[in-house]
Amino acid sequence: MSWRSERIWIELIAGSRKTSNFCWAFILFLGSLGFLLVGISSYLGRNLISLFPSQQIIFFPQGIVMSFYGIAGLFISSYLWCTILWNIGSGYDRFDRKEGIVCIFRWGFPGKNRRILLRFLMKDIQSIRIEVKERIYARRVLYMEIRGRGAIPLTGTDENLTPREIEQKVAELAYFLRVPIEVF
């Protein structure tokens, strides 16, 4: 999602609050809870889940392993839920020709560096670069080359743009910033 005028271009960056992340966190939570309940029911000798009679799974070694997988899955699930709650990776890119400033803002994990804000002068932008890796899973990344600071990625890690979409985005941004395009 973006907003543009003649002088300002603002592009909103979606963070962790995506349907796929909600689905994966929920599925992982339910699966790990099931593993943990089966492991506990094998220890107690009671049926906590009616699908698996506790006599079929002995506590050592199957019950212990299932309990371990359940606990590990709950930790991973809680990590996913925290990234969704904190909306890690969300933010915006703001290109302001009027003031000659580029601002890149992202939300990180809670703590001292939760807010990540990068500011650059537009005159320091050398080029807009596309890096394309066509393998089993195609990866197309858009970078902004800054003099003295290197390349800064502008696309999300899970943003999978088609070749036409990335070309259009690069062309429009390079035209707006009045910088050349590099392809790697």
# chains A, B, ... in the order shown; residues from 1 in each chain; ligands from 1
>>> select_by_dssp(residues="chain A", states="alpha helix (DSSP H)", output="number ranges by chain")
A: 19-44, 64-86, 163-177
>>> residues_around(residues="Gly89 (chain A)", least_positions_apart="3", cutoff="9 Å", atoms="only C-alpha atoms", output="JSON list (two decimals) with all heavy atoms, in the first residue's frame")
[["chain", "number", "residue", "atom", "x", "y", "z"],
["A", 13, "ILE", "N", 4.63, -0.65, 4.95],
["A", 13, "ILE", "CA", 5.19, -1.99, 4.93],
["A", 13, "ILE", "C", 4.41, -2.87, 5.91],
["A", 13, "ILE", "O", 4.30, -2.53, 7.09],
["A", 13, "ILE", "CB", 6.69, -1.97, 5.34],
["A", 13, "ILE", "CG1", 7.47, -0.98, 4.49],
["A", 13, "ILE", "CG2", 7.28, -3.37, 5.28],
["A", 13, "ILE", "CD1", 7.51, -1.28, 3.02],
["A", 14, "ALA", "N", 3.86, -3.95, 5.40],
["A", 14, "ALA", "CA", 3.13, -4.89, 6.25],
["A", 14, "ALA", "C", 4.13, -5.66, 7.11],
["A", 14, "ALA", "O", 5.18, -6.06, 6.64],
["A", 14, "ALA", "CB", 2.32, -5.86, 5.41],
["A", 15, "GLY", "N", 3.80, -5.85, 8.34],
["A", 15, "GLY", "CA", 4.67, -6.58, 9.24],
["A", 15, "GLY", "C", 4.24, -8.02, 9.40],
["A", 15, "GLY", "O", 3.86, -8.69, 8.43],
["A", 16, "SER", "N", 4.23, -8.48, 10.62],
["A", 16, "SER", "CA", 3.92, -9.88, 10.92],
["A", 16, "SER", "C", 2.44, -10.19, 10.96],
["A", 16, "SER", "O", 2.07, -11.35, 11.00],
["A", 16, "SER", "CB", 4.52, -10.25, 12.28],
["A", 16, "SER", "OG", 5.90, -10.07, 12.26],
["A", 83, "THR", "N", 5.47, -12.14, 17.81],
["A", 83, "THR", "CA", 5.81, -11.35, 16.62],
["A", 83, "THR", "C", 4.56, -10.77, 15.98],
["A", 83, "THR", "O", 4.58, -9.65, 15.47],
["A", 83, "THR", "CB", 6.60, -12.17, 15.58],
["A", 83, "THR", "OG1", 5.82, -13.27, 15.15],
["A", 83, "THR", "CG2", 7.93, -12.63, 16.12],
["A", 106, "ARG", "N", 10.93, 0.98, 10.80],
["A", 106, "ARG", "CA", 10.44, -0.37, 11.05],
["A", 106, "ARG", "C", 10.30, -0.59, 12.55],
["A", 106, "ARG", "O", 11.06, -0.06, 13.34],
["A", 106, "ARG", "CB", 11.41, -1.45, 10.51],
["A", 106, "ARG", "CG", 11.67, -1.40, 9.03],
["A", 106, "ARG", "CD", 10.47, -1.84, 8.22],
["A", 106, "ARG", "NE", 10.81, -1.92, 6.82],
["A", 106, "ARG", "CZ", 10.79, -0.90, 5.97],
["A", 106, "ARG", "NH1", 10.46, 0.30, 6.38],
["A", 106, "ARG", "NH2", 11.10, -1.06, 4.70],
["A", 107, "TRP", "N", 9.32, -1.43, 12.91],
["A", 107, "TRP", "CA", 9.16, -1.87, 14.29],
["A", 107, "TRP", "C", 9.97, -3.15, 14.48],
["A", 107, "TRP", "O", 9.87, -4.06, 13.69],
["A", 107, "TRP", "CB", 7.70, -2.15, 14.63],
["A", 107, "TRP", "CG", 6.87, -0.92, 14.82],
["A", 107, "TRP", "CD1", 5.93, -0.44, 13.95],
["A", 107, "TRP", "CD2", 6.89, -0.03, 15.92],
["A", 107, "TRP", "NE1", 5.38, 0.70, 14.45],
["A", 107, "TRP", "CE2", 5.95, 0.98, 15.67],
["A", 107, "TRP", "CE3", 7.64, 0.04, 17.09],
["A", 107, "TRP", "CZ2", 5.72, 2.04, 16.55],
["A", 107, "TRP", "CZ3", 7.40, 1.09, 17.96],
["A", 107, "TRP", "CH2", 6.45, 2.06, 17.69],
["A", 108, "GLY", "N", 10.73, -3.20, 15.57],
["A", 108, "GLY", "CA", 11.51, -4.39, 15.91],
["A", 108, "GLY", "C", 10.95, -5.04, 17.17],
["A", 108, "GLY", "O", 9.83, -4.76, 17.60],
["A", 109, "PHE", "N", 11.73, -5.90, 17.77],
["A", 109, "PHE", "CA", 11.33, -6.55, 19.01],
["A", 109, "PHE", "C", 11.42, -5.55, 20.17],
["A", 109, "PHE", "O", 12.22, -4.62, 20.11],
["A", 109, "PHE", "CB", 12.22, -7.76, 19.29],
["A", 109, "PHE", "CG", 11.90, -8.93, 18.43],
["A", 109, "PHE", "CD1", 12.63, -9.18, 17.28],
["A", 109, "PHE", "CD2", 10.86, -9.78, 18.75],
["A", 109, "PHE", "CE1", 12.33, -10.26, 16.46],
["A", 109, "PHE", "CE2", 10.55, -10.86, 17.95],
["A", 109, "PHE", "CZ", 11.28, -11.09, 16.81],
["A", 156, "GLY", "N", 10.16, -6.56, 1.72],
["A", 156, "GLY", "CA", 10.12, -7.45, 2.87],
["A", 156, "GLY", "C", 10.72, -8.81, 2.55],
["A", 156, "GLY", "O", 10.81, -9.20, 1.38]]
>>> residues_around(residues="Tyr143 (chain A)", least_positions_apart="6", cutoff="7 Å", atoms="only C-alpha atoms", output="list in words")
Ile128, Arg129, Ile130, Ala151, Ile152, Pro153 and Leu154 of chain A
>>> atom_distance(atom1="CA of Gly150 (chain A)", atom2="CA of Asn87 (chain A)")
26.6 Å
>>> closest_residue(among="A:Ala25, A:Ile40, A:Val102, A:Ile146", to="Glu11 (chain A)", atoms="only C-alpha atoms")
A:Val102
>>> residues_around(residues="Phe95 (chain A)", least_positions_apart="2", cutoff="9 Å", atoms="only C-alpha atoms", output="mmCIF file with C-alpha atoms, in the first residue's frame")
data_model
loop_
_atom_site.group_PDB
_atom_site.id
_atom_site.type_symbol
_atom_site.label_atom_id
_atom_site.label_comp_id
_atom_site.auth_asym_id
_atom_site.auth_seq_id
_atom_site.Cartn_x
_atom_site.Cartn_y
_atom_site.Cartn_z
ATOM 1 C CA ARG A 7 6.820 15.631 -3.829
ATOM 2 C CA ILE A 8 6.212 12.801 -1.343
ATOM 3 C CA TRP A 9 6.048 9.019 -1.705
ATOM 4 C CA ILE A 10 5.002 6.985 1.338
ATOM 5 C CA GLU A 11 4.898 3.228 1.205
ATOM 6 C CA ASP A 93 9.335 4.131 3.641
ATOM 7 C CA ARG A 97 11.614 15.422 -2.538
ATOM 8 C CA GLY A 100 15.326 16.036 0.263
ATOM 9 C CA ILE A 101 15.069 13.347 2.947
ATOM 10 C CA VAL A 102 14.412 9.607 2.894
ATOM 11 C CA CYS A 103 13.052 7.992 6.089
ATOM 12 C CA ILE A 104 12.838 4.244 6.565
ATOM 13 C CA MET A 122 18.213 12.101 -1.229
ATOM 14 C CA PHE A 176 10.602 9.551 -8.532
ATOM 15 C CA LEU A 177 14.070 9.712 -6.962
#
>>> closest_residue(among="A:Ala138, A:Met144, A:Val65, A:Leu74", to="Leu30 (chain A)", atoms="only C-alpha atoms")
A:Leu74
>>> residues_around(residues="Tyr43 (chain A)", least_positions_apart="2", cutoff="8 Å", atoms="only C-alpha atoms", output="number ranges by chain")
A: 39-41, 45, 58-59, 63
>>> write_last_selection(atoms="all heavy atoms", output="PDB file, in the first residue's frame")
ATOM      1  N   GLY A  39       1.372 -36.886  25.563  1.00  0.00           N
ATOM      2  CA  GLY A  39       2.492 -37.244  26.437  1.00  0.00           C
ATOM      3  C   GLY A  39       2.090 -37.268  27.900  1.00  0.00           C
ATOM      4  O   GLY A  39       2.466 -38.183  28.646  1.00  0.00           O
ATOM      5  N   ILE A  40       1.314 -36.283  28.326  1.00  0.00           N
ATOM      6  CA  ILE A  40       0.856 -36.239  29.724  1.00  0.00           C
ATOM      7  C   ILE A  40      -0.114 -37.382  30.016  1.00  0.00           C
ATOM      8  O   ILE A  40      -0.044 -38.006  31.084  1.00  0.00           O
ATOM      9  CB  ILE A  40       0.216 -34.868  30.035  1.00  0.00           C
ATOM     10  CG1 ILE A  40       1.289 -33.780  30.024  1.00  0.00           C
ATOM     11  CG2 ILE A  40      -0.496 -34.878  31.377  1.00  0.00           C
ATOM     12  CD1 ILE A  40       0.757 -32.374  30.124  1.00  0.00           C
ATOM     13  N   SER A  41      -1.002 -37.681  29.073  1.00  0.00           N
ATOM     14  CA  SER A  41      -1.953 -38.781  29.304  1.00  0.00           C
ATOM     15  C   SER A  41      -1.231 -40.121  29.387  1.00  0.00           C
ATOM     16  O   SER A  41      -1.656 -41.004  30.134  1.00  0.00           O
ATOM     17  CB  SER A  41      -3.028 -38.798  28.214  1.00  0.00           C
ATOM     18  OG  SER A  41      -2.473 -39.140  26.968  1.00  0.00           O
ATOM     19  N   GLY A  45      -1.705 -42.198  32.671  1.00  0.00           N
ATOM     20  CA  GLY A  45      -2.466 -43.414  32.438  1.00  0.00           C
ATOM     21  C   GLY A  45      -3.949 -43.139  32.232  1.00  0.00           C
ATOM     22  O   GLY A  45      -4.775 -44.032  32.327  1.00  0.00           O
ATOM     23  N   ILE A  58       3.216 -45.826  25.575  1.00  0.00           N
ATOM     24  CA  ILE A  58       3.899 -45.955  26.859  1.00  0.00           C
ATOM     25  C   ILE A  58       4.720 -44.689  27.106  1.00  0.00           C
ATOM     26  O   ILE A  58       5.179 -44.034  26.178  1.00  0.00           O
ATOM     27  CB  ILE A  58       4.788 -47.218  26.893  1.00  0.00           C
ATOM     28  CG1 ILE A  58       5.719 -47.287  25.690  1.00  0.00           C
ATOM     29  CG2 ILE A  58       3.942 -48.462  26.997  1.00  0.00           C
ATOM     30  CD1 ILE A  58       6.665 -48.458  25.721  1.00  0.00           C
ATOM     31  N   PHE A  59       4.867 -44.350  28.395  1.00  0.00           N
ATOM     32  CA  PHE A  59       5.510 -43.080  28.727  1.00  0.00           C
ATOM     33  C   PHE A  59       6.967 -43.031  28.297  1.00  0.00           C
ATOM     34  O   PHE A  59       7.441 -42.016  27.825  1.00  0.00           O
ATOM     35  CB  PHE A  59       5.381 -42.793  30.224  1.00  0.00           C
ATOM     36  CG  PHE A  59       5.993 -41.480  30.611  1.00  0.00           C
ATOM     37  CD1 PHE A  59       5.444 -40.285  30.173  1.00  0.00           C
ATOM     38  CD2 PHE A  59       7.130 -41.437  31.393  1.00  0.00           C
ATOM     39  CE1 PHE A  59       6.018 -39.070  30.506  1.00  0.00           C
ATOM     40  CE2 PHE A  59       7.708 -40.225  31.734  1.00  0.00           C
ATOM     41  CZ  PHE A  59       7.143 -39.038  31.296  1.00  0.00           C
ATOM     42  N   GLY A  63       6.025 -41.265  25.200  1.00  0.00           N
ATOM     43  CA  GLY A  63       5.385 -40.180  25.953  1.00  0.00           C
ATOM     44  C   GLY A  63       6.329 -39.030  26.233  1.00  0.00           C
ATOM     45  O   GLY A  63       5.950 -37.857  26.153  1.00  0.00           O
TER      46      GLY A  63
END
>>> atom_distance(atom1="CA of Lys18 (chain A)", atom2="CA of Ser77 (chain A)")
15.1 Å
>>> residues_around(residues="Val38 (chain A)", least_positions_apart="6", cutoff="12 Å", atoms="only C-alpha atoms", output="PyMOL selection string")
chain A and resi 31-32+44-59+62-71
>>> residues_around(residues="Leu85 (chain A)", least_positions_apart="4", cutoff="9 Å", atoms="only C-alpha atoms", output="PDB file with N, CA, C and O atoms, in the first residue's frame")
ATOM      1  N   SER A  16       4.229  -8.482  10.619  1.00  0.00           N
ATOM      2  CA  SER A  16       3.924  -9.880  10.920  1.00  0.00           C
ATOM      3  C   SER A  16       2.439 -10.187  10.955  1.00  0.00           C
ATOM      4  O   SER A  16       2.069 -11.352  10.995  1.00  0.00           O
ATOM      5  N   ARG A  17       1.606  -9.184  10.953  1.00  0.00           N
ATOM      6  CA  ARG A  17       0.157  -9.417  11.037  1.00  0.00           C
ATOM      7  C   ARG A  17      -0.411  -9.750   9.669  1.00  0.00           C
ATOM      8  O   ARG A  17      -1.032  -8.929   9.007  1.00  0.00           O
ATOM      9  N   LEU A  80       5.788 -16.968  17.677  1.00  0.00           N
ATOM     10  CA  LEU A  80       5.015 -16.465  16.533  1.00  0.00           C
ATOM     11  C   LEU A  80       3.916 -15.522  16.985  1.00  0.00           C
ATOM     12  O   LEU A  80       3.688 -14.478  16.367  1.00  0.00           O
ATOM     13  N   TRP A  81       3.211 -15.875  18.062  1.00  0.00           N
ATOM     14  CA  TRP A  81       2.155 -14.996  18.559  1.00  0.00           C
ATOM     15  C   TRP A  81       2.723 -13.663  19.032  1.00  0.00           C
ATOM     16  O   TRP A  81       2.088 -12.617  18.848  1.00  0.00           O
TER      17      TRP A  81
END
>>> select_by_dssp(residues="chain A", states="strand (DSSP E or B)", output="NGL selection string")
:A and (2-4 or 8-13 or 91-96 or 101-107 or 115-121 or 125-133 or 139-146 or 150-153 or 181-183)
>>> closest_residue(among="A:Phe184, A:Tyr92, A:Tyr175, A:Trp24", to="Arg140 (chain A)", atoms="only C-alpha atoms")
A:Phe184
>>> closest_residue(among="A:Asp96, A:Tyr137, A:Leu28, A:Asn160", to="Trp3 (chain A)", atoms="only C-alpha atoms")
A:Asp96
>>> atom_distance(atom1="CA of Arg149 (chain A)", atom2="CA of Leu12 (chain A)")
23.0 Å
